[in-house]
Amino acid sequence: MKIGLLGKKIGMTQIFDQEGKALPITILELGPCIVTEIKNIETHGYTAIQIGYIEVKPYKLNKAQIGHLNKYNIPPLKFLKEYKVTSTESFEIGKLITVQDLNINHDISVSSKSIGKGFTGCTKRHNFSRGPMSHGSKNHKQPGSIGAGTTPGKVFAGKKMAGRMGGQKVTLQNLKIIDIKANHNIIIVKGSIPGKPGNIISIHQK
């Protein structure tokens, strides 16, 4: 059964394997998540489940969200996310999904919001090369030409220029689960995951 889970990034550290090599790892706290809706081909045209994470006070949700959850007698949940599945036979509304449904040494995809770095120049944002640093040069970190003048008379969309960097959804695939601490809802993943500690993350089992 391939599942998806919502959780938080706890932080990064390192462990040592049996050969004494240091492995960078990320600690994630996942779930428990509640199945809030099941979609099938007859009703929606595709097969998917919706899960909810973190119970909150009802006043923190709008009427549409409360009505959606009350329909199945589910407590108010702050985060809802949908995952496509091949079959919904093993799911039912109100069922809990926890880290116990994951397996060690399996690969997962992790999505998170990367750290925002503010407005940056071309050199930092797009890895542009700098100009000459010798005396008389006036082109140290300028972006250079951004297009011709009369023809086409405009700058094409998507031109690499200075702008806001980071703060976007990033997905990393094929991250291996090293260990699972079911009593604390924690998994240990090899490698780094974008975002700050405390960020909400989404995983999907490969």
# chains A, B, ... in the order shown; residues from 1 in each chain; ligands from 1

$ closest_atom_pairs --of "region 132-202 of chain A" --to "region 85-103 of chain A" --cutoff "12 Å" --atoms "only C-alpha atoms" --output "JSON lines"
{"residue": "A:Lys176", "atom": "CA", "partner": "A:Asn103", "partner_atom": "CA", "distance": 9.8}
{"residue": "A:Ile177", "atom": "CA", "partner": "A:Asn103", "partner_atom": "CA", "distance": 7.4}
{"residue": "A:Ile178", "atom": "CA", "partner": "A:Asn103", "partner_atom": "CA", "distance": 9.2}
{"residue": "A:Asp179", "atom": "CA", "partner": "A:Asn103", "partner_atom": "CA", "distance": 8.6}
{"residue": "A:Ile180", "atom": "CA", "partner": "A:Val99", "partner_atom": "CA", "distance": 7.2}
{"residue": "A:Lys181", "atom": "CA", "partner": "A:Val99", "partner_atom": "CA", "distance": 8.0}
{"residue": "A:Ala182", "atom": "CA", "partner": "A:Gln100", "partner_atom": "CA", "distance": 6.0}
{"residue": "A:Asn183", "atom": "CA", "partner": "A:Val99", "partner_atom": "CA", "distance": 9.3}
{"residue": "A:His184", "atom": "CA", "partner": "A:Val99", "partner_atom": "CA", "distance": 9.3}
{"residue": "A:Asn185", "atom": "CA", "partner": "A:Val99", "partner_atom": "CA", "distance": 5.9}
{"residue": "A:Ile186", "atom": "CA", "partner": "A:Val99", "partner_atom": "CA", "distance": 7.1}
{"residue": "A:Ile187", "atom": "CA", "partner": "A:Val99", "partner_atom": "CA", "distance": 7.3}
{"residue": "A:Ile188", "atom": "CA", "partner": "A:Val99", "partner_atom": "CA", "distance": 10.9}
{"residue": "A:Val189", "atom": "CA", "partner": "A:Asn103", "partner_atom": "CA", "distance": 11.6}

$ residues_around --residues "Ile51 (chain A)" --least-positions-apart "6" --cutoff "10 Å" --atoms "only C-alpha atoms" --output "PyMOL selection string"
chain A and resi 4-6+31-38+77+79-83+93-97

$ write_last_selection --atoms "N, CA and C atoms" --output "compact mmCIF listing (two decimals), in the first residue's frame"
# COMPACT_ATOMS: atom_id res chain seq x y z
N GLY A 4 0.64 8.50 1.53
CA GLY A 4 1.22 9.82 1.71
C GLY A 4 0.95 10.29 3.12
N LEU A 5 1.82 11.14 3.64
CA LEU A 5 1.68 11.64 5.00
C LEU A 5 2.10 13.10 5.06
N LEU A 6 1.50 13.83 5.99
CA LEU A 6 1.91 15.19 6.30
C LEU A 6 2.66 15.19 7.62
N GLY A 31 2.51 12.65 10.85
CA GLY A 31 1.23 12.18 11.31
C GLY A 31 1.08 12.23 12.83
N PRO A 32 0.11 11.47 13.36
CA PRO A 32 -0.84 10.65 12.60
C PRO A 32 -1.83 11.50 11.80
N CYS A 33 -2.16 11.02 10.62
CA CYS A 33 -3.09 11.70 9.72
C CYS A 33 -4.39 10.91 9.62
N ILE A 34 -5.47 11.63 9.40
CA ILE A 34 -6.79 11.01 9.31
C ILE A 34 -7.29 11.09 7.87
N VAL A 35 -7.83 9.99 7.37
CA VAL A 35 -8.44 10.00 6.05
C VAL A 35 -9.76 10.76 6.13
N THR A 36 -9.87 11.88 5.42
CA THR A 36 -11.04 12.75 5.50
C THR A 36 -11.98 12.61 4.31
N GLU A 37 -11.48 12.04 3.21
CA GLU A 37 -12.35 11.87 2.03
C GLU A 37 -11.73 10.83 1.10
N ILE A 38 -12.59 10.08 0.44
CA ILE A 38 -12.16 9.10 -0.54
C ILE A 38 -12.83 9.43 -1.88
N LEU A 77 -9.40 19.98 11.34
CA LEU A 77 -7.99 19.75 11.04
C LEU A 77 -7.43 20.93 10.25
N PHE A 79 -4.58 21.19 8.26
CA PHE A 79 -4.01 20.94 6.93
C PHE A 79 -4.72 19.77 6.28
N LEU A 80 -5.10 19.95 5.00
CA LEU A 80 -5.70 18.89 4.20
C LEU A 80 -4.89 18.73 2.92
N LYS A 81 -4.66 17.49 2.53
CA LYS A 81 -3.92 17.25 1.29
C LYS A 81 -4.44 15.98 0.64
N GLU A 82 -4.42 16.01 -0.69
CA GLU A 82 -4.93 14.88 -1.48
C GLU A 82 -3.78 14.11 -2.11
N TYR A 83 -3.90 12.80 -2.10
CA TYR A 83 -2.90 11.92 -2.71
C TYR A 83 -3.60 10.96 -3.66
N ILE A 93 -12.88 6.24 5.55
CA ILE A 93 -12.93 7.57 6.16
C ILE A 93 -12.82 7.44 7.68
N GLY A 94 -11.94 8.25 8.26
CA GLY A 94 -11.69 8.20 9.68
C GLY A 94 -10.51 7.33 10.08
N LYS A 95 -9.96 6.59 9.12
CA LYS A 95 -8.82 5.71 9.42
C LYS A 95 -7.57 6.54 9.66
N LEU A 96 -6.76 6.13 10.64
CA LEU A 96 -5.50 6.80 10.93
C LEU A 96 -4.39 6.22 10.07
N ILE A 97 -3.55 7.10 9.52
CA ILE A 97 -2.35 6.69 8.79
C ILE A 97 -1.15 7.17 9.60

$ closest_residue --among "A:Pro75, A:Gly166, A:Gly147, A:Pro152" --to "Thr120 (chain A)" --atoms "only C-alpha atoms"
A:Gly166

$ select_by_dssp --residues "region 112-202 of chain A" --states "strand (DSSP E or B)" --output "list in words"
Ser112, Lys113, Gly118, Phe119, Thr120, Gly163, Arg164, Met165, Lys169, Val170, Thr171, Leu172, Gln173, Asn174, Leu175, Lys176, Ile177, Ile178, Asp179, Ile180, Lys181, Ile186, Ile187, Ile188, Val189, Lys190, Ile200, Ile201 and Ser202 of chain A

$ select_by_dssp --residues "chain A" --states "helix (DSSP H, G or I)" --output "list in words"
Ile41, Glu42, Thr43, His44, Pro58, Tyr59, Lys60, Lys63, Ala64, Gln65, Ile66, Gly67, His68, Leu69, Asn70, Val99, Gln100, Asp101, Cys122, Thr123, Lys124, Arg125, His126, Ala182, Asn183 and His184 of chain A

$ closest_residue --among "A:Gln173, A:Gly153, A:Thr123, A:His140" --to "His106 (chain A)" --atoms "only C-alpha atoms"
A:Gln173

$ closest_residue --among "A:Pro194, A:Gly121, A:Gly158, A:Gly163" --to "Gly144 (chain A)" --atoms "only C-alpha atoms"
A:Gly121

$ residues_around --residues "Gln65 (chain A)" --least-positions-apart "4" --cutoff "12 Å" --atoms "only C-alpha atoms" --output "PyMOL selection string"
chain A and resi 36+52+58-61+69-72+74-80

$ residues_around --residues "region 20-25 of chain A" --least-positions-apart "5" --cutoff "7 Å" --atoms "only C-alpha atoms" --output "MDAnalysis selection string"
chainID A and resid 12:15 188:192

$ write_last_selection --atoms "C-alpha atoms" --output "short mmCIF file (atom, residue, chain, number, x, y, z; two decimals), in the first residue's frame"
data_model
loop_
_atom_site.label_atom_id
_atom_site.label_comp_id
_atom_site.auth_asym_id
_atom_site.auth_seq_id
_atom_site.Cartn_x
_atom_site.Cartn_y
_atom_site.Cartn_z
CA MET A 12 19.26 17.69 10.55
CA THR A 13 22.10 15.79 12.17
CA GLN A 14 24.45 12.96 11.29
CA ILE A 15 24.89 9.31 12.22
CA ILE A 188 14.94 9.28 9.81
CA VAL A 189 15.72 10.01 6.16
CA LYS A 190 19.13 9.97 4.50
CA GLY A 191 20.06 13.35 3.01
CA SER A 192 18.78 16.90 3.33
#

$ residues_around --residues "Ile10 (chain A)" --least-positions-apart "3" --cutoff "7 Å" --atoms "only C-alpha atoms" --output "ChimeraX atom specification"
/A:27-29,197-198

$ residues_around --residues "Lys117 (chain A)" --least-positions-apart "2" --cutoff "7 Å" --atoms "only C-alpha atoms" --output "ChimeraX atom specification"
/A:115,119,165-166

$ write_last_selection --atoms "all heavy atoms" --output "PDB file, in the first residue's frame"
ATOM      1  N   ILE A 115      13.799  27.650   1.995  1.00  0.00           N
ATOM      2  CA  ILE A 115      14.049  28.859   2.775  1.00  0.00           C
ATOM      3  C   ILE A 115      14.109  30.069   1.846  1.00  0.00           C
ATOM      4  O   ILE A 115      14.829  30.055   0.844  1.00  0.00           O
ATOM      5  CB  ILE A 115      15.360  28.731   3.562  1.00  0.00           C
ATOM      6  CG1 ILE A 115      15.255  27.605   4.595  1.00  0.00           C
ATOM      7  CG2 ILE A 115      15.715  30.044   4.259  1.00  0.00           C
ATOM      8  CD1 ILE A 115      16.543  27.328   5.326  1.00  0.00           C
ATOM      9  N   PHE A 119      15.390  39.295  -2.051  1.00  0.00           N
ATOM     10  CA  PHE A 119      15.734  39.773  -3.394  1.00  0.00           C
ATOM     11  C   PHE A 119      17.235  39.633  -3.589  1.00  0.00           C
ATOM     12  O   PHE A 119      18.028  40.200  -2.843  1.00  0.00           O
ATOM     13  CB  PHE A 119      15.304  41.232  -3.552  1.00  0.00           C
ATOM     14  CG  PHE A 119      15.334  41.719  -4.970  1.00  0.00           C
ATOM     15  CD1 PHE A 119      14.188  41.723  -5.735  1.00  0.00           C
ATOM     16  CD2 PHE A 119      16.518  42.170  -5.545  1.00  0.00           C
ATOM     17  CE1 PHE A 119      14.213  42.174  -7.044  1.00  0.00           C
ATOM     18  CE2 PHE A 119      16.556  42.621  -6.847  1.00  0.00           C
ATOM     19  CZ  PHE A 119      15.390  42.619  -7.605  1.00  0.00           C
ATOM     20  N   MET A 165      14.443  35.045  -4.409  1.00  0.00           N
ATOM     21  CA  MET A 165      15.012  33.708  -4.465  1.00  0.00           C
ATOM     22  C   MET A 165      14.510  32.880  -3.287  1.00  0.00           C
ATOM     23  O   MET A 165      14.410  33.374  -2.164  1.00  0.00           O
ATOM     24  CB  MET A 165      16.544  33.799  -4.431  1.00  0.00           C
ATOM     25  CG  MET A 165      17.269  32.479  -4.509  1.00  0.00           C
ATOM     26  SD  MET A 165      19.058  32.743  -4.482  1.00  0.00           S
ATOM     27  CE  MET A 165      19.638  31.073  -4.487  1.00  0.00           C
ATOM     28  N   GLY A 166      14.206  31.612  -3.547  1.00  0.00           N
ATOM     29  CA  GLY A 166      13.749  30.705  -2.494  1.00  0.00           C
ATOM     30  C   GLY A 166      12.274  30.905  -2.189  1.00  0.00           C
ATOM     31  O   GLY A 166      11.548  31.613  -2.899  1.00  0.00           O
TER      32      GLY A 166
END

$ closest_residue --among "A:Cys122, A:Lys8, A:Lys159, A:Asn127" --to "Pro143 (chain A)" --atoms "only C-alpha atoms"
A:Cys122

$ atom_distance --atom1 "CA of Lys169 (chain A)" --atom2 "CA of Ser114 (chain A)"
6.3 Å

$ closest_residue --among "A:Glu55, A:Val110, A:Asn139, A:Val155" --to "Thr171 (chain A)" --atoms "only C-alpha atoms"
A:Val110

$ atom_distance --atom1 "CA of Ile54 (chain A)" --atom2 "CA of Ile201 (chain A)"
12.6 Å

$ atom_distance --atom1 "CA of Leu172 (chain A)" --atom2 "CA of Ser202 (chain A)"
10.6 Å

$ decode --residues "region 106-181 of chain A" --atoms "C-alpha atoms" --output "PDB file, in the first residue's frame"
ATOM      1  CA  HIS A 106      12.022   2.183   1.037  1.00  0.00           C
ATOM      2  CA  ASP A 107      12.252   5.337  -1.075  1.00  0.00           C
ATOM      3  CA  ILE A 108       9.984   8.340  -0.569  1.00  0.00           C
ATOM      4  CA  SER A 109       9.440  11.707  -2.225  1.00  0.00           C
ATOM      5  CA  VAL A 110       9.440  14.732   0.092  1.00  0.00           C
ATOM      6  CA  SER A 111       7.948  18.148  -0.718  1.00  0.00           C
ATOM      7  CA  SER A 112       8.612  21.254   1.346  1.00  0.00           C
ATOM      8  CA  LYS A 113       8.886  25.023   1.048  1.00  0.00           C
ATOM      9  CA  SER A 114      12.498  26.119   0.655  1.00  0.00           C
ATOM     10  CA  ILE A 115      14.049  28.859   2.775  1.00  0.00           C
ATOM     11  CA  GLY A 116      13.383  32.339   1.361  1.00  0.00           C
ATOM     12  CA  LYS A 117      16.526  34.386   0.688  1.00  0.00           C
ATOM     13  CA  GLY A 118      14.895  37.665  -0.340  1.00  0.00           C
ATOM     14  CA  PHE A 119      15.734  39.773  -3.394  1.00  0.00           C
ATOM     15  CA  THR A 120      19.065  38.637  -4.834  1.00  0.00           C
ATOM     16  CA  GLY A 121      21.166  39.448  -7.883  1.00  0.00           C
ATOM     17  CA  CYS A 122      21.915  37.321 -10.925  1.00  0.00           C
ATOM     18  CA  THR A 123      25.210  35.993  -9.584  1.00  0.00           C
ATOM     19  CA  LYS A 124      23.632  34.428  -6.494  1.00  0.00           C
ATOM     20  CA  ARG A 125      20.282  33.552  -8.022  1.00  0.00           C
ATOM     21  CA  HIS A 126      21.386  32.071 -11.366  1.00  0.00           C
ATOM     22  CA  ASN A 127      25.105  31.440 -10.801  1.00  0.00           C
ATOM     23  CA  PHE A 128      26.193  34.050 -13.364  1.00  0.00           C
ATOM     24  CA  SER A 129      29.908  34.698 -13.831  1.00  0.00           C
ATOM     25  CA  ARG A 130      31.268  38.049 -12.662  1.00  0.00           C
ATOM     26  CA  GLY A 131      33.045  40.582 -14.826  1.00  0.00           C
ATOM     27  CA  PRO A 132      36.716  41.630 -14.615  1.00  0.00           C
ATOM     28  CA  MET A 133      37.773  42.918 -11.202  1.00  0.00           C
ATOM     29  CA  SER A 134      40.781  44.917 -12.492  1.00  0.00           C
ATOM     30  CA  HIS A 135      41.071  48.704 -12.417  1.00  0.00           C
ATOM     31  CA  GLY A 136      38.816  50.462 -14.902  1.00  0.00           C
ATOM     32  CA  SER A 137      36.209  47.713 -15.200  1.00  0.00           C
ATOM     33  CA  LYS A 138      32.690  48.840 -14.444  1.00  0.00           C
ATOM     34  CA  ASN A 139      31.063  45.459 -14.914  1.00  0.00           C
ATOM     35  CA  HIS A 140      31.652  43.501 -11.715  1.00  0.00           C
ATOM     36  CA  LYS A 141      28.234  42.000 -10.946  1.00  0.00           C
ATOM     37  CA  GLN A 142      25.938  43.638 -13.499  1.00  0.00           C
ATOM     38  CA  PRO A 143      23.557  41.322 -15.378  1.00  0.00           C
ATOM     39  CA  GLY A 144      24.739  42.434 -18.816  1.00  0.00           C
ATOM     40  CA  SER A 145      22.584  42.802 -21.928  1.00  0.00           C
ATOM     41  CA  ILE A 146      18.989  41.643 -21.557  1.00  0.00           C
ATOM     42  CA  GLY A 147      18.026  41.733 -25.250  1.00  0.00           C
ATOM     43  CA  ALA A 148      18.150  43.626 -28.525  1.00  0.00           C
ATOM     44  CA  GLY A 149      16.663  47.108 -28.925  1.00  0.00           C
ATOM     45  CA  THR A 150      14.413  47.762 -31.931  1.00  0.00           C
ATOM     46  CA  THR A 151      13.860  44.105 -32.728  1.00  0.00           C
ATOM     47  CA  PRO A 152      12.106  42.504 -30.899  1.00  0.00           C
ATOM     48  CA  GLY A 153      11.723  45.652 -28.807  1.00  0.00           C
ATOM     49  CA  LYS A 154      10.948  43.755 -25.605  1.00  0.00           C
ATOM     50  CA  VAL A 155      12.439  41.441 -23.011  1.00  0.00           C
ATOM     51  CA  PHE A 156      11.265  37.854 -23.428  1.00  0.00           C
ATOM     52  CA  ALA A 157       9.412  36.247 -20.547  1.00  0.00           C
ATOM     53  CA  GLY A 158      11.541  33.957 -18.411  1.00  0.00           C
ATOM     54  CA  LYS A 159      14.721  35.979 -18.798  1.00  0.00           C
ATOM     55  CA  LYS A 160      17.152  35.188 -15.983  1.00  0.00           C
ATOM     56  CA  MET A 161      17.397  38.385 -13.985  1.00  0.00           C
ATOM     57  CA  ALA A 162      17.595  39.562 -10.389  1.00  0.00           C
ATOM     58  CA  GLY A 163      14.583  38.761  -8.233  1.00  0.00           C
ATOM     59  CA  ARG A 164      13.217  36.958  -5.222  1.00  0.00           C
ATOM     60  CA  MET A 165      15.012  33.708  -4.465  1.00  0.00           C
ATOM     61  CA  GLY A 166      13.749  30.705  -2.494  1.00  0.00           C
ATOM     62  CA  GLY A 167      10.423  30.398  -0.704  1.00  0.00           C
ATOM     63  CA  GLN A 168       9.110  27.930  -3.292  1.00  0.00           C
ATOM     64  CA  LYS A 169       7.853  24.360  -3.179  1.00  0.00           C
ATOM     65  CA  VAL A 170      10.692  21.904  -3.763  1.00  0.00           C
ATOM     66  CA  THR A 171      10.307  18.132  -4.184  1.00  0.00           C
ATOM     67  CA  LEU A 172      13.157  15.691  -3.628  1.00  0.00           C
ATOM     68  CA  GLN A 173      12.730  12.143  -4.880  1.00  0.00           C
ATOM     69  CA  ASN A 174      14.240   8.777  -3.942  1.00  0.00           C
ATOM     70  CA  LEU A 175      15.166   9.620  -0.354  1.00  0.00           C
ATOM     71  CA  LYS A 176      15.767   6.452   1.640  1.00  0.00           C
ATOM     72  CA  ILE A 177      14.187   5.791   5.046  1.00  0.00           C
ATOM     73  CA  ILE A 178      16.967   4.733   7.427  1.00  0.00           C
ATOM     74  CA  ASP A 179      14.959   4.236  10.626  1.00  0.00           C
ATOM     75  CA  ILE A 180      11.428   4.543  12.013  1.00  0.00           C
ATOM     76  CA  LYS A 181      10.546   5.477  15.608  1.00  0.00           C
TER      77      LYS A 181
END
